[in-house]
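What follows is the content of my_file_22.txt (compact mmCIF, C-alpha atoms).
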# COMPACT_ATOMS: atom_id res chain seq x y z
CA MET A 1 105.71 124.25 291.81
CA PRO A 2 106.64 127.26 289.65
CA ASP A 3 104.48 130.37 289.63
CA ILE A 4 104.67 130.76 285.84
CA SER A 5 104.63 128.33 282.93
CA ILE A 6 105.96 129.63 279.61
CA ILE A 7 104.50 127.69 276.69
CA ILE A 8 106.12 127.57 273.26
CA PRO A 9 104.08 126.00 270.43
CA ALA A 10 106.64 124.83 267.87
CA ARG A 11 106.47 123.07 264.53
CA ASN A 12 109.65 122.64 262.47
CA GLU A 13 111.52 125.32 264.43
CA ALA A 14 114.91 123.58 264.75
CA ALA A 15 116.61 126.68 263.32
CA ASN A 16 115.15 128.94 266.03
CA ILE A 17 114.44 126.96 269.19
CA ALA A 18 117.90 127.06 270.84
CA ALA A 19 118.27 130.84 270.56
CA LEU A 20 114.70 131.30 271.79
CA LEU A 21 115.30 129.13 274.86
CA ASP A 22 118.53 130.99 275.61
CA GLY A 23 116.63 134.27 275.39
CA ILE A 24 113.91 133.08 277.75
CA ALA A 25 116.49 131.89 280.28
CA ALA A 26 118.15 135.32 280.28
CA ALA A 27 114.94 137.37 280.32
CA CYS A 28 113.14 135.35 283.00
CA ALA A 29 116.04 134.59 285.34
CA GLY A 30 114.30 136.49 288.15
CA LEU A 31 110.98 134.66 287.78
CA ASP A 32 109.97 131.34 289.31
CA HIS A 33 109.11 129.62 286.05
CA GLU A 34 109.15 126.54 283.86
CA VAL A 35 109.31 126.35 280.07
CA ILE A 36 107.17 123.90 278.12
CA VAL A 37 107.95 123.34 274.45
CA VAL A 38 105.00 121.70 272.69
CA ASP A 39 106.35 120.10 269.53
CA ASP A 40 103.47 119.90 267.07
CA ALA A 41 104.64 116.74 265.25
CA SER A 42 107.66 118.47 263.71
CA GLN A 43 109.43 116.79 260.80
CA ASP A 44 112.81 118.31 261.66
CA ASP A 45 115.07 118.13 264.74
CA THR A 46 113.02 120.44 266.98
CA ALA A 47 112.16 117.72 269.52
CA ALA A 48 115.65 116.20 269.42
CA LEU A 49 117.28 119.56 270.19
CA VAL A 50 114.97 120.20 273.13
CA ARG A 51 115.52 116.69 274.50
CA ALA A 52 119.27 117.20 274.29
CA ARG A 53 118.98 120.42 276.33
CA ILE A 54 116.89 118.66 278.95
CA ALA A 55 119.41 115.82 279.20
CA ALA A 56 122.30 118.29 279.49
CA GLY A 57 120.54 120.32 282.17
CA THR A 58 121.14 123.49 280.15
CA ASP A 59 118.02 125.15 281.50
CA GLY A 60 118.44 124.17 285.14
CA GLY A 61 115.65 121.62 285.19
CA ARG A 62 113.06 124.20 284.11
CA LEU A 63 112.57 122.83 280.59
CA ARG A 64 109.89 120.29 279.62
CA LEU A 65 108.91 118.81 276.26
CA LEU A 66 105.52 117.65 275.02
CA ARG A 67 105.06 116.17 271.57
CA HIS A 68 101.90 115.76 269.52
CA ASP A 69 101.64 112.52 267.57
CA ARG A 70 100.09 114.45 264.66
CA PRO A 71 99.90 118.15 263.75
CA GLY A 72 97.19 119.91 265.73
CA GLY A 73 97.99 123.56 265.13
CA GLN A 74 98.92 126.44 267.41
CA SER A 75 95.77 126.47 269.54
CA ALA A 76 96.05 122.74 270.19
CA ALA A 77 99.69 123.15 271.21
CA VAL A 78 98.91 126.00 273.61
CA HIS A 79 96.02 124.00 275.08
CA SER A 80 98.21 120.92 275.56
CA GLY A 81 100.84 123.05 277.25
CA ALA A 82 98.28 124.71 279.54
CA ARG A 83 96.86 121.37 280.63
CA ALA A 84 100.34 120.12 281.54
CA ALA A 85 101.49 123.39 283.14
CA HIS A 86 102.26 123.66 286.85
CA GLY A 87 102.07 127.45 287.09
CA ALA A 88 98.94 129.41 287.99
CA ILE A 89 99.95 131.90 285.28
CA ILE A 90 100.80 130.79 281.76
CA ALA A 91 102.61 132.86 279.17
CA THR A 92 102.93 132.09 275.47
CA LEU A 93 105.20 133.11 272.63
CA ASP A 94 105.72 131.75 269.14
CA GLY A 95 108.49 129.25 268.43
CA ASP A 96 109.81 131.13 265.39
CA GLY A 97 111.73 133.71 267.44
CA GLN A 98 109.74 136.69 266.18
CA ASN A 99 108.35 137.37 269.67
CA PRO A 100 111.25 138.75 271.76
CA PRO A 101 111.42 136.80 275.05
CA GLU A 102 112.58 139.89 276.92
CA GLU A 103 108.98 141.14 276.64
CA LEU A 104 107.72 138.29 278.86
CA PRO A 105 108.31 139.98 282.26
CA ARG A 106 106.32 143.04 281.08
CA LEU A 107 103.38 140.82 280.14
CA ILE A 108 103.47 138.80 283.35
CA ALA A 109 103.87 141.76 285.74
CA PRO A 110 100.24 143.03 285.54
CA LEU A 111 98.97 139.61 286.65
CA LEU A 112 101.28 139.62 289.68
CA ALA A 113 100.54 143.21 290.73
CA PRO A 114 98.45 143.92 293.86
CA GLY A 115 94.76 144.20 293.00
CA ALA A 116 95.13 142.32 289.72
CA GLY A 117 92.56 139.68 290.63
CA GLN A 118 90.08 140.77 287.96
CA THR A 119 92.64 140.76 285.13
CA GLY A 120 92.47 137.50 283.24
CA ILE A 121 94.80 138.10 280.30
CA VAL A 122 97.52 140.50 279.21
CA ALA A 123 97.72 140.55 275.41
CA GLY A 124 100.78 141.72 273.52
CA GLN A 125 100.23 144.01 270.54
CA ARG A 126 103.04 144.21 268.01
CA VAL A 127 104.58 147.50 266.94
CA GLY A 128 107.11 147.82 264.13
CA ARG A 129 106.26 144.43 262.63
CA LYS A 130 109.00 142.72 260.63
CA ASP A 131 106.75 140.68 258.35
CA THR A 132 106.27 140.98 254.60
CA LEU A 133 104.02 143.73 253.28
CA SER A 134 101.39 141.21 252.14
CA LYS A 135 101.29 139.60 255.58
CA ARG A 136 100.99 142.98 257.32
CA LEU A 137 98.15 144.06 255.04
CA ALA A 138 96.28 140.78 255.49
CA SER A 139 96.69 141.03 259.25
CA ARG A 140 95.51 144.63 259.30
CA PHE A 141 92.36 143.72 257.39
CA ALA A 142 91.64 140.68 259.60
CA ASN A 143 92.21 142.61 262.82
CA GLY A 144 90.00 145.46 261.64
CA LEU A 145 87.15 143.14 260.68
CA ARG A 146 87.45 141.20 263.95
CA ALA A 147 87.44 144.39 266.03
CA ARG A 148 84.30 145.68 264.29
CA VAL A 149 82.42 142.40 264.76
CA LEU A 150 83.56 141.39 268.25
CA ARG A 151 84.28 144.84 269.77
CA ASP A 152 87.07 143.27 271.81
CA GLY A 153 89.14 146.45 272.17
CA THR A 154 92.27 144.70 270.89
CA ARG A 155 94.35 146.02 268.00
CA ASP A 156 96.37 142.85 267.32
CA THR A 157 95.10 139.45 268.48
CA GLY A 158 97.54 137.56 266.25
CA CYS A 159 100.50 138.34 268.50
CA GLY A 160 101.80 135.17 270.16
CA LEU A 161 102.95 137.04 273.28
CA LYS A 162 100.29 136.66 275.94
CA ALA A 163 100.07 136.01 279.68
CA MET A 164 96.94 134.70 281.36
CA ARG A 165 95.49 132.85 284.30
CA ARG A 166 95.73 129.14 283.62
CA GLU A 167 92.46 128.20 285.32
CA ALA A 168 90.56 130.89 283.41
CA PHE A 169 92.11 129.82 280.10
CA LEU A 170 91.17 126.18 280.60
CA ALA A 171 87.59 127.21 281.40
CA LEU A 172 87.20 128.76 277.92
CA PRO A 173 85.44 126.80 275.16
CA TYR A 174 88.20 125.09 273.18
CA PHE A 175 88.23 125.14 269.37
CA ASP A 176 90.83 125.25 266.63
CA HIS A 177 92.36 128.73 266.11
CA MET A 178 90.98 129.99 269.43
CA HIS A 179 94.35 131.62 270.14
CA ARG A 180 93.36 134.47 267.81
CA TYR A 181 90.29 135.32 269.88
CA LEU A 182 91.50 135.08 273.47
CA PRO A 183 90.79 138.70 274.54
CA ALA A 184 87.15 138.40 273.41
CA LEU A 185 86.77 134.99 275.06
CA PHE A 186 88.23 136.20 278.37
CA ALA A 187 85.97 139.26 278.31
CA ARG A 188 83.03 136.94 277.61
CA ASP A 189 83.74 135.20 280.91
CA GLY A 190 83.86 138.47 282.83
CA TRP A 191 87.64 138.98 283.00
CA ALA A 192 89.37 142.30 282.49
CA VAL A 193 91.74 142.40 279.50
CA ALA A 194 95.01 144.36 279.59
CA HIS A 195 97.25 145.22 276.64
CA VAL A 196 101.00 145.78 276.31
CA ASP A 197 102.76 147.03 273.18
CA VAL A 198 105.62 144.67 272.30
CA SER A 199 108.42 144.65 269.75
CA HIS A 200 108.80 142.21 266.87
CA ARG A 201 111.69 140.51 265.09
CA PRO A 202 112.30 138.98 261.67
CA ARG A 203 112.08 135.20 261.54
CA GLY A 204 115.51 133.76 262.26
CA GLY A 205 115.22 130.65 260.09
CA GLY A 206 112.78 128.17 258.60
CA ARG A 207 109.49 129.32 257.17
CA SER A 208 106.00 130.13 258.37
CA ASN A 209 103.49 127.33 258.87
CA TYR A 210 100.64 129.55 257.61
CA SER A 211 99.84 131.35 254.38
CA ASN A 212 97.65 134.43 253.99
CA LEU A 213 95.08 132.32 252.11
CA GLN A 214 94.92 129.74 254.91
CA ARG A 215 94.42 132.44 257.52
CA GLY A 216 91.70 134.11 255.48
CA LEU A 217 89.70 130.97 254.74
CA VAL A 218 89.55 129.77 258.34
CA GLY A 219 89.21 133.29 259.75
CA ILE A 220 85.76 133.95 258.31
CA SER A 221 84.13 130.85 259.79
CA ASP A 222 86.00 131.30 263.08
CA LEU A 223 84.81 134.89 263.39
CA ILE A 224 81.19 133.87 262.85
CA GLY A 225 81.54 131.12 265.44
CA VAL A 226 83.11 133.39 268.06
CA ALA A 227 80.46 136.06 267.50
CA TRP A 228 77.83 133.37 268.14
CA LEU A 229 79.61 132.28 271.34
CA LEU A 230 79.65 135.86 272.62
CA ARG A 231 75.94 136.33 271.96
CA ARG A 232 74.95 133.03 273.55
CA ARG A 233 76.92 133.48 276.76
CA LYS A 234 74.70 133.57 279.84
CA THR A 235 76.10 133.65 283.36
CA ALA A 236 74.51 133.23 286.77
CA ARG A 237 76.09 132.84 290.17
CA ALA A 238 75.13 129.82 292.21
CA GLU A 239 75.15 130.01 296.00
CA GLU A 240 75.05 126.85 298.05
CA LEU A 241 72.29 127.02 300.65
CA ARG A 242 72.85 125.25 303.96
CA PRO A 243 70.47 124.51 306.83
CA GLY A 244 70.57 127.09 309.60
CA PRO A 245 68.55 128.10 312.62
CA GLU A 246 67.21 131.26 310.95
CA SER A 247 66.94 130.11 307.36
CA GLY A 248 64.26 127.44 307.38
CA ASP A 249 65.08 125.04 304.59
CA ARG A 250 68.19 126.94 303.53
Structure re-expressed in structure tokens:
Amino acid sequence: MPDISIIIPARNEAANIAALLDGIAAACAGLDHEVIVVDDASQDDTAALVRARIAAGTDGGRLRLLRHDRPGGQSAAVHSGARAAHGAIIATLDGDGQNPPEELPRLIAPLLAPGAGQTGIVAGQRVGRKDTLSKRLASRFANGLRARVLRDGTRDTGCGLKAMRREAFLALPYFDHMHRYLPALFARDGWAVAHVDVSHRPRGGGRSNYSNLQRGLVGISDLIGVAWLLRRRKTARAEELRPGPESGDR
């Protein structure tokens, strides 16, 4: 089984998926990995293009395709990919090509380093963003509000580039849009959170699946819900007691 599973949530990304997969193959050639494209019920040729690559063996048998029967959103796609993944470490990047795949080894490395057992997630933080001014301003406001409420120590949780421990991710409470709150959720479960500054690219083709209004409307209720989850978290370690000659009923 591969050590690392790279998950790409994709919806209507036929214009970008081939170049993205080529970039991952080049950047991660030295890593024992698989690539899982999760097609979120695309209405274009995204799934067909990935299936053709699998049939042609273009990616050396490393490429897999999952397809939702209806749109579930980015968090649902990442969750589906994580459940199907074979690697103990999962890495994610957006299907639109704006997250450079050559950043993946830098994100994965801290989780493979000696003594990294307490690190649960490495979160990418974009520098030099290539989005529109309105999108950058909306993101800055949302990130600032989130940081003040959750105190998660993360400048940019909207970046799709992340690497994390699969088992720890699947233990998190699942909800729609959870991908925007992963550092806070990992910290809630006692994991250390690391950050890596990453570059950003313009979208190669197609158009975004989100608008600023959509992000804003769901973001307020999500933020309230995550703040509640953080407050209500209570942990206790359970030790199994076994009978022994000096422990009575233990």
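The gap separating CA of Ala227 (chain A) from CA of Phe175 (chain A) is 13.5 Å, in Å to one decimal.
With all atoms listed in the file as the atoms that count, the minimum distance from Arg180 (chain A) to the choices A:Val37, A:Ile54, A:Leu112, A:Cys159 is reached by A:Cys159.
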Show which residues sit within 10 Å of Ala192 (chain A), as a PyMOL selection string. Count all atoms listed in the file, and ignore same-chain residues fewer than 4 positions away.
-> chain A and resi 116-122+183+186-188
In Å, with one decimal, what is the gap from CA of Ile24 (chain A) to CA of Arg62 (chain A)?
-> 11.0 Å
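You will find CA of Ala55 (chain A) at 18.5 Å from CA of His33 (chain A).
Nearest to Ile6 (chain A) of all the residues A:Ile90, A:Leu31, A:Leu20, A:Ala123 is A:Ile90, counting only C-alpha atoms.
If you measure from each of A:Ala10, A:Ile17, A:Ala194, A:Ala56 to Gln43 (chain A) using all atoms listed in the file, the closest one turns out to be A:Ala10.
For the residues A:Arg155, A:His79, A:Arg51, A:Arg201, ranking by smallest atom-to-atom distance to Pro9 (chain A) using all atoms listed in the file places A:His79 first.
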Quick one: residues within 12 Å of Ile8 (chain A), only C-alpha atoms counted, chain neighbours fewer than 2 positions away excluded, as a compact mmCIF listing (two decimals) with C-alpha atoms, in the frame of the given file?
# COMPACT_ATOMS: atom_id res chain seq x y z
CA SER A 5 104.63 128.33 282.93
CA ILE A 6 105.96 129.63 279.61
CA ALA A 10 106.64 124.83 267.87
CA ARG A 11 106.47 123.07 264.53
CA GLU A 13 111.52 125.32 264.43
CA ASN A 16 115.15 128.94 266.03
CA ILE A 17 114.44 126.96 269.19
CA LEU A 20 114.70 131.30 271.79
CA LEU A 21 115.30 129.13 274.86
CA ILE A 24 113.91 133.08 277.75
CA GLU A 34 109.15 126.54 283.86
CA VAL A 35 109.31 126.35 280.07
CA ILE A 36 107.17 123.90 278.12
CA VAL A 37 107.95 123.34 274.45
CA VAL A 38 105.00 121.70 272.69
CA ASP A 39 106.35 120.10 269.53
CA ASP A 40 103.47 119.90 267.07
CA THR A 46 113.02 120.44 266.98
CA VAL A 50 114.97 120.20 273.13
CA LEU A 63 112.57 122.83 280.59
CA ARG A 64 109.89 120.29 279.62
CA LEU A 65 108.91 118.81 276.26
CA LEU A 66 105.52 117.65 275.02
CA ARG A 67 105.06 116.17 271.57
CA GLN A 74 98.92 126.44 267.41
CA SER A 75 95.77 126.47 269.54
CA ALA A 76 96.05 122.74 270.19
CA ALA A 77 99.69 123.15 271.21
CA VAL A 78 98.91 126.00 273.61
CA HIS A 79 96.02 124.00 275.08
CA SER A 80 98.21 120.92 275.56
CA GLY A 81 100.84 123.05 277.25
CA ALA A 82 98.28 124.71 279.54
CA ALA A 85 101.49 123.39 283.14
CA ILE A 90 100.80 130.79 281.76
CA ALA A 91 102.61 132.86 279.17
CA THR A 92 102.93 132.09 275.47
CA LEU A 93 105.20 133.11 272.63
CA ASP A 94 105.72 131.75 269.14
CA GLY A 95 108.49 129.25 268.43
CA ASP A 96 109.81 131.13 265.39
CA GLY A 97 111.73 133.71 267.44
CA ASN A 99 108.35 137.37 269.67
CA PRO A 101 111.42 136.80 275.05
CA GLY A 160 101.80 135.17 270.16
CA LEU A 161 102.95 137.04 273.28
CA LYS A 162 100.29 136.66 275.94
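Among the candidate residues A:Asp197, A:Asp189, A:Asp3, A:Glu239, the one lying nearest to Ala88 (chain A) is A:Asp3, with distances computed using all atoms listed in the file.
Around Pro100 (chain A), within 8 Å and counting all atoms listed in the file, the residues found are Gly23, Ser199, His200 and Arg201 of chain A, once anything fewer than 5 positions away on its own chain is removed.
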How about saving the chosen residues, C-alpha atoms kept, as a PDB file, in the coordinates of the input?
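New file out-v3.pdb:
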ATOM      1  CA  GLY A  23     116.630 134.270 275.390  1.00  0.00           C
ATOM      2  CA  SER A 199     108.420 144.650 269.750  1.00  0.00           C
ATOM      3  CA  HIS A 200     108.800 142.210 266.870  1.00  0.00           C
ATOM      4  CA  ARG A 201     111.690 140.510 265.090  1.00  0.00           C
TER       5      ARG A 201
END
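Distances from A:Ala109, A:Leu223, A:Ala48, A:Val193 to Ala142 (chain A) were compared using all atoms listed in the file, and the smallest one belongs to A:Leu223.
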